[in-house]
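*Asks:* Have a peek at my_file-v7.pdb (PDB, C-alpha atoms).
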ATOM      1  CA  MET A   1       0.000   0.000   0.000  1.00  0.00           C
ATOM      2  CA  THR A   2       1.354   3.419  -0.889  1.00  0.00           C
ATOM      3  CA  GLU A   3       1.671   6.351   1.491  1.00  0.00           C
ATOM      4  CA  HIS A   4      -1.151   8.180  -0.325  1.00  0.00           C
ATOM      5  CA  ASP A   5      -3.524   5.289   0.235  1.00  0.00           C
ATOM      6  CA  LYS A   6      -2.549   5.151   3.940  1.00  0.00           C
ATOM      7  CA  GLU A   7      -3.284   8.846   4.335  1.00  0.00           C
ATOM      8  CA  ASP A   8      -6.706   8.425   2.631  1.00  0.00           C
ATOM      9  CA  SER A   9      -7.607   5.532   4.941  1.00  0.00           C
ATOM     10  CA  VAL A  10      -6.571   7.495   8.047  1.00  0.00           C
ATOM     11  CA  VAL A  11      -8.584  10.528   6.907  1.00  0.00           C
ATOM     12  CA  GLY A  12     -11.599   8.311   6.158  1.00  0.00           C
ATOM     13  CA  SER A  13     -11.468   6.648   9.578  1.00  0.00           C
ATOM     14  CA  VAL A  14     -11.204  10.026  11.310  1.00  0.00           C
ATOM     15  CA  MET A  15     -14.216  11.347   9.365  1.00  0.00           C
ATOM     16  CA  GLU A  16     -16.215   8.253  10.266  1.00  0.00           C
ATOM     17  CA  LYS A  17     -15.457   8.766  13.967  1.00  0.00           C
ATOM     18  CA  ILE A  18     -16.457  12.425  13.776  1.00  0.00           C
ATOM     19  CA  SER A  19     -19.714  11.628  11.989  1.00  0.00           C
ATOM     20  CA  GLU A  20     -20.531   8.924  14.563  1.00  0.00           C
ATOM     21  CA  LYS A  21     -19.981  11.386  17.395  1.00  0.00           C
ATOM     22  CA  ILE A  22     -22.096  14.053  15.709  1.00  0.00           C
ATOM     23  CA  TYR A  23     -24.992  11.793  14.756  1.00  0.00           C
ATOM     24  CA  GLY A  24     -24.810   9.872  17.996  1.00  0.00           C
ATOM     25  CA  HIS A  25     -24.943  13.119  19.959  1.00  0.00           C
ATOM     26  CA  ASN A  26     -27.856  14.324  17.848  1.00  0.00           C
ATOM     27  CA  SER A  27     -29.760  11.062  18.349  1.00  0.00           C
ATOM     28  CA  THR A  28     -29.219  11.135  22.107  1.00  0.00           C
ATOM     29  CA  SER A  29     -30.192  14.792  22.227  1.00  0.00           C
ATOM     30  CA  ASP A  30     -33.317  13.962  20.193  1.00  0.00           C
ATOM     31  CA  VAL A  31     -34.180  11.178  22.642  1.00  0.00           C
ATOM     32  CA  ASP A  32     -33.608  13.526  25.566  1.00  0.00           C
ATOM     33  CA  SER A  33     -35.729  16.214  23.951  1.00  0.00           C
ATOM     34  CA  ASP A  34     -38.495  13.697  23.219  1.00  0.00           C
ATOM     35  CA  HIS A  35     -38.289  12.473  26.819  1.00  0.00           C
ATOM     36  CA  GLY A  36     -38.418  16.066  28.063  1.00  0.00           C
ATOM     37  CA  LYS A  37     -41.435  16.788  25.885  1.00  0.00           C
ATOM     38  CA  SER A  38     -43.250  13.677  27.091  1.00  0.00           C
ATOM     39  CA  LYS A  39     -42.429  14.567  30.694  1.00  0.00           C
ATOM     40  CA  SER A  40     -43.660  18.141  30.237  1.00  0.00           C
ATOM     41  CA  ASP A  41     -46.798  16.818  28.530  1.00  0.00           C
ATOM     42  CA  SER A  42     -47.451  14.443  31.425  1.00  0.00           C
ATOM     43  CA  ASP A  43     -46.859  17.234  33.943  1.00  0.00           C
ATOM     44  CA  SER A  44     -49.252  19.525  32.089  1.00  0.00           C
ATOM     45  CA  LEU A  45     -51.804  16.695  31.925  1.00  0.00           C
ATOM     46  CA  LYS A  46     -51.490  16.148  35.672  1.00  0.00           C
ATOM     47  CA  SER A  47     -51.917  19.872  36.271  1.00  0.00           C
ATOM     48  CA  ARG A  48     -55.135  19.849  34.216  1.00  0.00           C
ATOM     49  CA  ILE A  49     -56.660  17.013  36.291  1.00  0.00           C
ATOM     50  CA  TYR A  50     -59.368  18.354  38.578  1.00  0.00           C
ATOM     51  CA  HIS A  51     -58.947  17.747  42.305  1.00  0.00           C
ATOM     52  CA  LEU A  52     -61.499  18.422  45.013  1.00  0.00           C
ATOM     53  CA  PHE A  53     -61.202  21.986  46.462  1.00  0.00           C
ATOM     54  CA  GLY A  54     -58.383  22.639  43.969  1.00  0.00           C
ATOM     55  CA  ARG A  55     -55.757  20.855  46.034  1.00  0.00           C
ATOM     56  CA  GLU A  56     -52.301  20.250  44.538  1.00  0.00           C
ATOM     57  CA  LYS A  57     -50.817  18.039  47.271  1.00  0.00           C
ATOM     58  CA  PRO A  58     -51.612  14.490  48.376  1.00  0.00           C
ATOM     59  CA  VAL A  59     -54.255  14.057  51.059  1.00  0.00           C
ATOM     60  CA  HIS A  60     -51.633  13.109  53.657  1.00  0.00           C
ATOM     61  CA  GLU A  61     -49.738  16.368  53.088  1.00  0.00           C
ATOM     62  CA  VAL A  62     -52.964  18.393  53.190  1.00  0.00           C
ATOM     63  CA  PHE A  63     -53.452  17.235  56.794  1.00  0.00           C
ATOM     64  CA  GLY A  64     -49.912  18.243  57.732  1.00  0.00           C
ATOM     65  CA  GLY A  65     -48.076  14.995  56.987  1.00  0.00           C
ATOM     66  CA  GLY A  66     -47.448  14.205  60.678  1.00  0.00           C
ATOM     67  CA  LYS A  67     -49.145  12.208  63.402  1.00  0.00           C
ATOM     68  CA  PRO A  68     -52.543  13.919  62.983  1.00  0.00           C
ATOM     69  CA  ALA A  69     -52.538  12.945  59.302  1.00  0.00           C
ATOM     70  CA  ASP A  70     -51.644   9.359  60.226  1.00  0.00           C
ATOM     71  CA  ILE A  71     -54.573   9.300  62.659  1.00  0.00           C
ATOM     72  CA  PHE A  72     -57.115  10.799  60.250  1.00  0.00           C
ATOM     73  CA  LEU A  73     -56.039   8.503  57.383  1.00  0.00           C
ATOM     74  CA  TRP A  74     -55.718   5.387  59.578  1.00  0.00           C
ATOM     75  CA  ARG A  75     -52.016   4.931  58.879  1.00  0.00           C
ATOM     76  CA  ASN A  76     -51.619   4.262  62.608  1.00  0.00           C
ATOM     77  CA  LYS A  77     -54.631   2.028  63.146  1.00  0.00           C
ATOM     78  CA  LYS A  78     -54.145   1.563  66.900  1.00  0.00           C
ATOM     79  CA  MET A  79     -54.004   5.311  67.510  1.00  0.00           C
ATOM     80  CA  SER A  80     -56.971   5.992  65.223  1.00  0.00           C
ATOM     81  CA  ALA A  81     -59.058   3.278  66.886  1.00  0.00           C
ATOM     82  CA  GLY A  82     -58.062   4.623  70.305  1.00  0.00           C
ATOM     83  CA  VAL A  83     -59.131   8.168  69.422  1.00  0.00           C
ATOM     84  CA  LEU A  84     -62.449   6.961  67.995  1.00  0.00           C
ATOM     85  CA  GLY A  85     -63.074   4.648  70.960  1.00  0.00           C
ATOM     86  CA  GLY A  86     -62.232   7.363  73.504  1.00  0.00           C
ATOM     87  CA  ALA A  87     -64.465   9.902  71.797  1.00  0.00           C
ATOM     88  CA  THR A  88     -67.291   7.362  71.610  1.00  0.00           C
ATOM     89  CA  THR A  89     -66.915   6.556  75.326  1.00  0.00           C
ATOM     90  CA  ILE A  90     -67.036  10.229  76.288  1.00  0.00           C
ATOM     91  CA  TRP A  91     -70.072  10.818  74.081  1.00  0.00           C
ATOM     92  CA  VAL A  92     -71.915   7.806  75.543  1.00  0.00           C
ATOM     93  CA  LEU A  93     -71.139   8.889  79.122  1.00  0.00           C
ATOM     94  CA  PHE A  94     -72.201  12.507  78.712  1.00  0.00           C
ATOM     95  CA  GLU A  95     -75.005  12.147  76.171  1.00  0.00           C
ATOM     96  CA  LEU A  96     -76.668   8.771  76.519  1.00  0.00           C
ATOM     97  CA  LEU A  97     -76.026   8.230  80.232  1.00  0.00           C
ATOM     98  CA  GLU A  98     -76.309  11.978  80.956  1.00  0.00           C
ATOM     99  CA  TYR A  99     -73.205  12.017  83.123  1.00  0.00           C
ATOM    100  CA  HIS A 100     -71.849  15.450  84.118  1.00  0.00           C
ATOM    101  CA  VAL A 101     -68.249  16.504  83.577  1.00  0.00           C
ATOM    102  CA  LEU A 102     -67.658  17.796  87.106  1.00  0.00           C
ATOM    103  CA  THR A 103     -69.220  14.676  88.653  1.00  0.00           C
ATOM    104  CA  LEU A 104     -67.100  12.367  86.495  1.00  0.00           C
ATOM    105  CA  VAL A 105     -63.865  14.225  87.289  1.00  0.00           C
ATOM    106  CA  CYS A 106     -64.610  14.211  91.043  1.00  0.00           C
ATOM    107  CA  HIS A 107     -65.426  10.487  91.048  1.00  0.00           C
ATOM    108  CA  ILE A 108     -62.229   9.629  89.151  1.00  0.00           C
ATOM    109  CA  LEU A 109     -60.119  11.744  91.531  1.00  0.00           C
ATOM    110  CA  ILE A 110     -61.805  10.223  94.616  1.00  0.00           C
ATOM    111  CA  LEU A 111     -61.212   6.674  93.352  1.00  0.00           C
ATOM    112  CA  ALA A 112     -57.566   7.360  92.439  1.00  0.00           C
ATOM    113  CA  LEU A 113     -56.779   9.103  95.753  1.00  0.00           C
ATOM    114  CA  VAL A 114     -58.401   6.348  97.822  1.00  0.00           C
ATOM    115  CA  ILE A 115     -56.486   3.601  95.999  1.00  0.00           C
ATOM    116  CA  LEU A 116     -53.142   5.405  96.288  1.00  0.00           C
ATOM    117  CA  PHE A 117     -53.718   6.345  99.942  1.00  0.00           C
ATOM    118  CA  LEU A 118     -54.617   2.781 100.983  1.00  0.00           C
ATOM    119  CA  TRP A 119     -51.770   1.332  98.941  1.00  0.00           C
ATOM    120  CA  SER A 120     -49.232   3.703 100.522  1.00  0.00           C
ATOM    121  CA  ASN A 121     -50.363   2.868 104.068  1.00  0.00           C
ATOM    122  CA  ALA A 122     -50.817  -0.864 103.528  1.00  0.00           C
ATOM    123  CA  SER A 123     -47.414  -1.339 101.869  1.00  0.00           C
ATOM    124  CA  THR A 124     -45.710  -1.603 105.288  1.00  0.00           C
ATOM    125  CA  PHE A 125     -48.021  -4.437 106.391  1.00  0.00           C
ATOM    126  CA  ILE A 126     -47.898  -6.515 103.212  1.00  0.00           C
ATOM    127  CA  ASN A 127     -44.130  -6.029 102.709  1.00  0.00           C
ATOM    128  CA  LYS A 128     -44.439  -4.346  99.338  1.00  0.00           C
ATOM    129  CA  SER A 129     -42.942  -1.152  98.028  1.00  0.00           C
ATOM    130  CA  PRO A 130     -45.199   1.945  98.118  1.00  0.00           C
ATOM    131  CA  PRO A 131     -46.516   3.274  94.812  1.00  0.00           C
ATOM    132  CA  ARG A 132     -44.267   5.583  92.892  1.00  0.00           C
ATOM    133  CA  ILE A 133     -46.330   8.671  92.149  1.00  0.00           C
ATOM    134  CA  PRO A 134     -44.698  10.594  89.279  1.00  0.00           C
ATOM    135  CA  GLU A 135     -44.264  14.349  89.365  1.00  0.00           C
ATOM    136  CA  VAL A 136     -46.317  15.921  86.605  1.00  0.00           C
ATOM    137  CA  HIS A 137     -45.135  19.199  85.058  1.00  0.00           C
ATOM    138  CA  ILE A 138     -46.630  20.894  82.030  1.00  0.00           C
ATOM    139  CA  PRO A 139     -43.759  22.020  79.752  1.00  0.00           C
ATOM    140  CA  GLU A 140     -43.776  25.627  78.679  1.00  0.00           C
ATOM    141  CA  GLU A 141     -42.697  25.274  75.053  1.00  0.00           C
ATOM    142  CA  PRO A 142     -45.625  23.132  73.727  1.00  0.00           C
ATOM    143  CA  VAL A 143     -48.137  25.402  75.452  1.00  0.00           C
ATOM    144  CA  LEU A 144     -46.573  28.472  73.837  1.00  0.00           C
ATOM    145  CA  GLN A 145     -46.534  26.765  70.425  1.00  0.00           C
ATOM    146  CA  ILE A 146     -50.215  25.843  70.699  1.00  0.00           C
ATOM    147  CA  ALA A 147     -51.102  29.361  71.825  1.00  0.00           C
ATOM    148  CA  ALA A 148     -49.105  30.883  68.952  1.00  0.00           C
ATOM    149  CA  SER A 149     -50.732  28.629  66.351  1.00  0.00           C
ATOM    150  CA  LEU A 150     -54.189  29.402  67.752  1.00  0.00           C
ATOM    151  CA  ARG A 151     -53.432  33.125  67.634  1.00  0.00           C
ATOM    152  CA  ILE A 152     -52.399  32.859  63.962  1.00  0.00           C
ATOM    153  CA  GLU A 153     -55.528  30.911  63.015  1.00  0.00           C
ATOM    154  CA  ILE A 154     -57.829  33.280  64.934  1.00  0.00           C
ATOM    155  CA  ASN A 155     -56.248  36.331  63.277  1.00  0.00           C
ATOM    156  CA  ARG A 156     -56.611  34.654  59.894  1.00  0.00           C
ATOM    157  CA  ALA A 157     -60.295  33.974  60.582  1.00  0.00           C
ATOM    158  CA  PHE A 158     -60.824  37.617  61.592  1.00  0.00           C
ATOM    159  CA  ALA A 159     -59.109  38.763  58.374  1.00  0.00           C
ATOM    160  CA  VAL A 160     -61.363  36.497  56.282  1.00  0.00           C
ATOM    161  CA  LEU A 161     -64.473  37.780  58.068  1.00  0.00           C
ATOM    162  CA  ARG A 162     -63.361  41.386  57.547  1.00  0.00           C
ATOM    163  CA  ASP A 163     -62.739  40.726  53.855  1.00  0.00           C
ATOM    164  CA  ILE A 164     -66.197  39.166  53.483  1.00  0.00           C
ATOM    165  CA  ALA A 165     -67.932  41.963  55.379  1.00  0.00           C
ATOM    166  CA  SER A 166     -66.265  44.607  53.173  1.00  0.00           C
ATOM    167  CA  GLY A 167     -68.430  43.477  50.243  1.00  0.00           C
ATOM    168  CA  ARG A 168     -65.627  42.698  47.809  1.00  0.00           C
ATOM    169  CA  ASP A 169     -66.630  39.113  46.990  1.00  0.00           C
ATOM    170  CA  LEU A 170     -70.349  38.399  46.724  1.00  0.00           C
ATOM    171  CA  LYS A 171     -69.842  34.701  45.994  1.00  0.00           C
ATOM    172  CA  LYS A 172     -67.814  34.172  49.165  1.00  0.00           C
ATOM    173  CA  PHE A 173     -70.358  36.210  51.158  1.00  0.00           C
ATOM    174  CA  LEU A 174     -73.243  34.007  50.000  1.00  0.00           C
ATOM    175  CA  ALA A 175     -71.249  30.838  50.691  1.00  0.00           C
ATOM    176  CA  VAL A 176     -70.416  31.916  54.249  1.00  0.00           C
ATOM    177  CA  ILE A 177     -74.020  32.947  54.951  1.00  0.00           C
ATOM    178  CA  ALA A 178     -75.261  29.572  53.672  1.00  0.00           C
ATOM    179  CA  GLY A 179     -72.670  27.706  55.761  1.00  0.00           C
ATOM    180  CA  LEU A 180     -73.521  29.613  58.929  1.00  0.00           C
ATOM    181  CA  SER A 181     -77.237  29.002  58.328  1.00  0.00           C
ATOM    182  CA  VAL A 182     -76.677  25.261  57.987  1.00  0.00           C
ATOM    183  CA  LEU A 183     -74.460  25.271  61.084  1.00  0.00           C
ATOM    184  CA  SER A 184     -77.120  27.124  63.102  1.00  0.00           C
ATOM    185  CA  ILE A 185     -79.761  24.585  62.042  1.00  0.00           C
ATOM    186  CA  VAL A 186     -77.495  21.692  63.053  1.00  0.00           C
ATOM    187  CA  GLY A 187     -76.683  23.429  66.358  1.00  0.00           C
ATOM    188  CA  SER A 188     -80.359  23.785  67.189  1.00  0.00           C
ATOM    189  CA  CYS A 189     -80.845  20.031  66.735  1.00  0.00           C
ATOM    190  CA  CYS A 190     -77.918  18.875  68.901  1.00  0.00           C
ATOM    191  CA  ASN A 191     -75.573  20.294  71.518  1.00  0.00           C
ATOM    192  CA  PHE A 192     -71.878  21.116  71.229  1.00  0.00           C
ATOM    193  CA  LEU A 193     -70.590  17.716  72.390  1.00  0.00           C
ATOM    194  CA  THR A 194     -72.670  15.837  69.828  1.00  0.00           C
ATOM    195  CA  LEU A 195     -71.594  18.274  67.113  1.00  0.00           C
ATOM    196  CA  PHE A 196     -67.942  17.803  68.105  1.00  0.00           C
ATOM    197  CA  TYR A 197     -68.350  14.019  68.067  1.00  0.00           C
ATOM    198  CA  ILE A 198     -69.979  14.116  64.612  1.00  0.00           C
ATOM    199  CA  ALA A 199     -67.139  16.308  63.304  1.00  0.00           C
ATOM    200  CA  LEU A 200     -64.533  13.912  64.728  1.00  0.00           C
ATOM    201  CA  VAL A 201     -66.246  10.876  63.198  1.00  0.00           C
ATOM    202  CA  LEU A 202     -66.362  12.663  59.831  1.00  0.00           C
ATOM    203  CA  LEU A 203     -62.659  13.498  60.097  1.00  0.00           C
ATOM    204  CA  LEU A 204     -61.877   9.840  60.781  1.00  0.00           C
ATOM    205  CA  THR A 205     -64.014   8.484  57.936  1.00  0.00           C
ATOM    206  CA  VAL A 206     -64.329  10.975  55.063  1.00  0.00           C
ATOM    207  CA  PRO A 207     -60.585  11.598  54.366  1.00  0.00           C
ATOM    208  CA  VAL A 208     -59.692   7.895  54.289  1.00  0.00           C
ATOM    209  CA  PHE A 209     -62.706   7.219  52.050  1.00  0.00           C
ATOM    210  CA  TYR A 210     -61.652  10.051  49.720  1.00  0.00           C
ATOM    211  CA  GLU A 211     -58.063   8.821  49.588  1.00  0.00           C
ATOM    212  CA  LYS A 212     -59.254   5.313  48.665  1.00  0.00           C
ATOM    213  CA  TYR A 213     -61.712   6.446  45.964  1.00  0.00           C
ATOM    214  CA  GLU A 214     -59.938   9.663  44.939  1.00  0.00           C
ATOM    215  CA  ASP A 215     -60.406   9.384  41.161  1.00  0.00           C
ATOM    216  CA  GLN A 216     -64.131   8.619  41.330  1.00  0.00           C
ATOM    217  CA  VAL A 217     -64.818  11.390  43.853  1.00  0.00           C
ATOM    218  CA  ASP A 218     -62.816  13.953  41.835  1.00  0.00           C
ATOM    219  CA  ALA A 219     -64.707  13.067  38.654  1.00  0.00           C
ATOM    220  CA  PHE A 220     -68.054  13.416  40.415  1.00  0.00           C
ATOM    221  CA  ALA A 221     -66.947  16.684  42.070  1.00  0.00           C
ATOM    222  CA  LYS A 222     -65.888  18.084  38.686  1.00  0.00           C
ATOM    223  CA  LYS A 223     -69.344  17.408  37.226  1.00  0.00           C
ATOM    224  CA  ALA A 224     -71.017  18.870  40.311  1.00  0.00           C
ATOM    225  CA  MET A 225     -68.842  22.002  40.154  1.00  0.00           C
ATOM    226  CA  ILE A 226     -69.699  22.533  36.469  1.00  0.00           C
ATOM    227  CA  GLU A 227     -73.406  22.254  37.275  1.00  0.00           C
ATOM    228  CA  ILE A 228     -73.063  24.647  40.235  1.00  0.00           C
ATOM    229  CA  LYS A 229     -71.319  27.200  38.016  1.00  0.00           C
ATOM    230  CA  LYS A 230     -74.128  26.932  35.477  1.00  0.00           C
ATOM    231  CA  GLN A 231     -76.776  27.491  38.141  1.00  0.00           C
ATOM    232  CA  TYR A 232     -74.797  30.400  39.591  1.00  0.00           C
ATOM    233  CA  ALA A 233     -74.543  31.967  36.128  1.00  0.00           C
ATOM    234  CA  VAL A 234     -78.309  31.710  35.763  1.00  0.00           C
ATOM    235  CA  PHE A 235     -78.819  33.190  39.243  1.00  0.00           C
ATOM    236  CA  ASP A 236     -76.367  35.969  38.456  1.00  0.00           C
ATOM    237  CA  ALA A 237     -78.127  36.806  35.201  1.00  0.00           C
ATOM    238  CA  LYS A 238     -81.633  36.798  36.690  1.00  0.00           C
ATOM    239  CA  VAL A 239     -81.057  38.254  40.177  1.00  0.00           C
ATOM    240  CA  LEU A 240     -77.584  39.592  40.967  1.00  0.00           C
ATOM    241  CA  SER A 241     -77.134  41.528  37.734  1.00  0.00           C
ATOM    242  CA  LYS A 242     -80.358  43.427  38.404  1.00  0.00           C
ATOM    243  CA  ILE A 243     -79.110  44.832  41.723  1.00  0.00           C
ATOM    244  CA  PRO A 244     -78.360  48.560  41.135  1.00  0.00           C
ATOM    245  CA  ARG A 245     -74.739  48.588  42.305  1.00  0.00           C
ATOM    246  CA  GLY A 246     -73.752  51.488  40.062  1.00  0.00           C
ATOM    247  CA  ILE A 247     -76.224  53.858  41.757  1.00  0.00           C
ATOM    248  CA  LEU A 248     -74.827  53.008  45.172  1.00  0.00           C
ATOM    249  CA  LYS A 249     -71.244  53.492  43.995  1.00  0.00           C
ATOM    250  CA  GLY A 250     -72.195  56.860  42.434  1.00  0.00           C
ATOM    251  CA  LYS A 251     -73.726  58.029  45.690  1.00  0.00           C
ATOM    252  CA  LYS A 252     -70.601  57.019  47.586  1.00  0.00           C
ATOM    253  CA  LYS A 253     -68.397  58.957  45.167  1.00  0.00           C
ATOM    254  CA  ASP A 254     -70.611  62.048  45.445  1.00  0.00           C
TER     255      ASP A 254
END
Render the structure in this file as structure tokens.
*Replies:*
Amino acid sequence: MTEHDKEDSVVGSVMEKISEKIYGHNSTSDVDSDHGKSKSDSDSLKSRIYHLFGREKPVHEVFGGGKPADIFLWRNKKMSAGVLGGATTIWVLFELLEYHVLTLVCHILILALVILFLWSNASTFINKSPPRIPEVHIPEEPVLQIAASLRIEINRAFAVLRDIASGRDLKKFLAVIAGLSVLSIVGSCCNFLTLFYIALVLLLTVPVFYEKYEDQVDAFAKKAMIEIKKQYAVFDAKVLSKIPRGILKGKKKD
């Protein structure tokens, strides 16, 4: 083989390597771009899926993602069953048996003090160690955290009520009035303890049911929301649009 032929073969092999790198890089970049497009399409499709109350997080994260969420969603079944059983016991004692809170507390304290007193005095006669009564102290930090969180929520509720009362959002005003009316009707039928027990039972049943049948509930809620918007549009066209707001605003400006 001559030197010219050797040079041509070397140049050809170099060009082949360069073309492989270029086309290989382009093919991989095309695959990456196609993968990126499919991923963006899937993300946009997920964003278009309707969720109840417009939530964007899983149900567990909506409830805080901690122990309360585990209790409400029955991730910790022993704790959830204990909370439900304790609430049911309290409701049966105070509602069905008509036991009073002060009477129950006094009876429990009397029974505990009598048992501990007799045990402490009889321990010397029966050759057993006296009961170890622990010292109970309420820590300061959790109490301050609870108080701070309650203060934030109460201030937020006051801000929402002020915003509603200012007349900026008629839809929110009507929704709050309807909710308070329903709550007043329910309150007239049962007392606070029964209402609290019903709310706790709903918190321990509705979220876990929604998490199990999330797709079906979201589809039904989407249809219901579309129908509600249609009815609201009809109500707005027939009633709300006829309210003379412009006259009132003109009087305020004058």
*Asks:* Anything within 12 Å of (-52.0, 12.9, 60.8): list those residues as a list in words, counting only C-alpha atoms and sticking to the file's coordinates.
*Replies:*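 Residues with an atom close enough to that point: Val59, His60, Glu61, Val62, Phe63, Gly64, Gly65, Gly66, Lys67, Pro68, Ala69, Asp70, Ile71, Phe72, Leu73, Trp74, Arg75, Asn76, Lys77, Met79, Ser80, Leu203, Leu204, Pro207 and Val208 of chain A.
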*Asks:* Would you export the selected residues with C-alpha atoms as an mmCIF file, keeping the file's coordinate frame, please?
*Replies:*
data_model
loop_
_atom_site.group_PDB
_atom_site.id
_atom_site.type_symbol
_atom_site.label_atom_id
_atom_site.label_comp_id
_atom_site.auth_asym_id
_atom_site.auth_seq_id
_atom_site.Cartn_x
_atom_site.Cartn_y
_atom_site.Cartn_z
ATOM 1 C CA VAL A 59 -54.255 14.057 51.059
ATOM 2 C CA HIS A 60 -51.633 13.109 53.657
ATOM 3 C CA GLU A 61 -49.738 16.368 53.088
ATOM 4 C CA VAL A 62 -52.964 18.393 53.190
ATOM 5 C CA PHE A 63 -53.452 17.235 56.794
ATOM 6 C CA GLY A 64 -49.912 18.243 57.732
ATOM 7 C CA GLY A 65 -48.076 14.995 56.987
ATOM 8 C CA GLY A 66 -47.448 14.205 60.678
ATOM 9 C CA LYS A 67 -49.145 12.208 63.402
ATOM 10 C CA PRO A 68 -52.543 13.919 62.983
ATOM 11 C CA ALA A 69 -52.538 12.945 59.302
ATOM 12 C CA ASP A 70 -51.644 9.359 60.226
ATOM 13 C CA ILE A 71 -54.573 9.300 62.659
ATOM 14 C CA PHE A 72 -57.115 10.799 60.250
ATOM 15 C CA LEU A 73 -56.039 8.503 57.383
ATOM 16 C CA TRP A 74 -55.718 5.387 59.578
ATOM 17 C CA ARG A 75 -52.016 4.931 58.879
ATOM 18 C CA ASN A 76 -51.619 4.262 62.608
ATOM 19 C CA LYS A 77 -54.631 2.028 63.146
ATOM 20 C CA MET A 79 -54.004 5.311 67.510
ATOM 21 C CA SER A 80 -56.971 5.992 65.223
ATOM 22 C CA LEU A 203 -62.659 13.498 60.097
ATOM 23 C CA LEU A 204 -61.877 9.840 60.781
ATOM 24 C CA PRO A 207 -60.585 11.598 54.366
ATOM 25 C CA VAL A 208 -59.692 7.895 54.289
#
*Asks:* May I ask for the distance between atom CA of A:Cys106 and atom CA of A:Leu195, given in Å to one decimal place?
*Replies:*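 Interatomic distance, atom CA of A:Cys106 to atom CA of A:Leu195: 25.3 Å.
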*Asks:* Report as JSON lines: every residue of stretch 176-252 of chain A with an atom at most 10 Å from stretch 90-96 of chain A, its closest pair of atoms, and their distance in Å to one decimal, counting only C-alpha atoms, with rows sorted by chain and ascending residue number.
*Replies:*
{"residue": "A:Asn191", "atom": "CA", "partner": "A:Glu95", "partner_atom": "CA", "distance": 9.4}
{"residue": "A:Leu193", "atom": "CA", "partner": "A:Trp91", "partner_atom": "CA", "distance": 7.1}
{"residue": "A:Thr194", "atom": "CA", "partner": "A:Trp91", "partner_atom": "CA", "distance": 7.1}
{"residue": "A:Phe196", "atom": "CA", "partner": "A:Trp91", "partner_atom": "CA", "distance": 9.4}
{"residue": "A:Tyr197", "atom": "CA", "partner": "A:Trp91", "partner_atom": "CA", "distance": 7.0}
*Asks:* Hey, what's within 12 Å of A:Val176 if we count all atoms listed in the file and toss same-chain stuff fewer than 3 positions away? As a ChimeraX atom specification, please?
*Replies:* /A:160-161,163-165,169-173,179-183
*Asks:* Just how far from atom CA of A:Val206 is atom CA of A:Lys78, in Å to one decimal?
*Replies:* 18.2 Å
*Asks:* Just to confirm, what's the straight-line distance from atom CA of A:Arg156 to atom CA of A:Ala175 in Å (one decimal)?
*Replies:*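 Pair atom CA of A:Arg156 / atom CA of A:Ala175 returns 17.7 Å.
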*Asks:* Enclose all atoms of stretch 85-90 of chain A listed in the file in an axis-aligned box, grow every side by 8 Å, and hand back centre and edge lengths in Å to one decimal, as lines of an AutoDock Vina configuration file.
*Replies:*
center_x = -64.8
center_y = 7.4
center_z = 73.6
size_x = 21.1
size_y = 21.6
size_z = 21.3
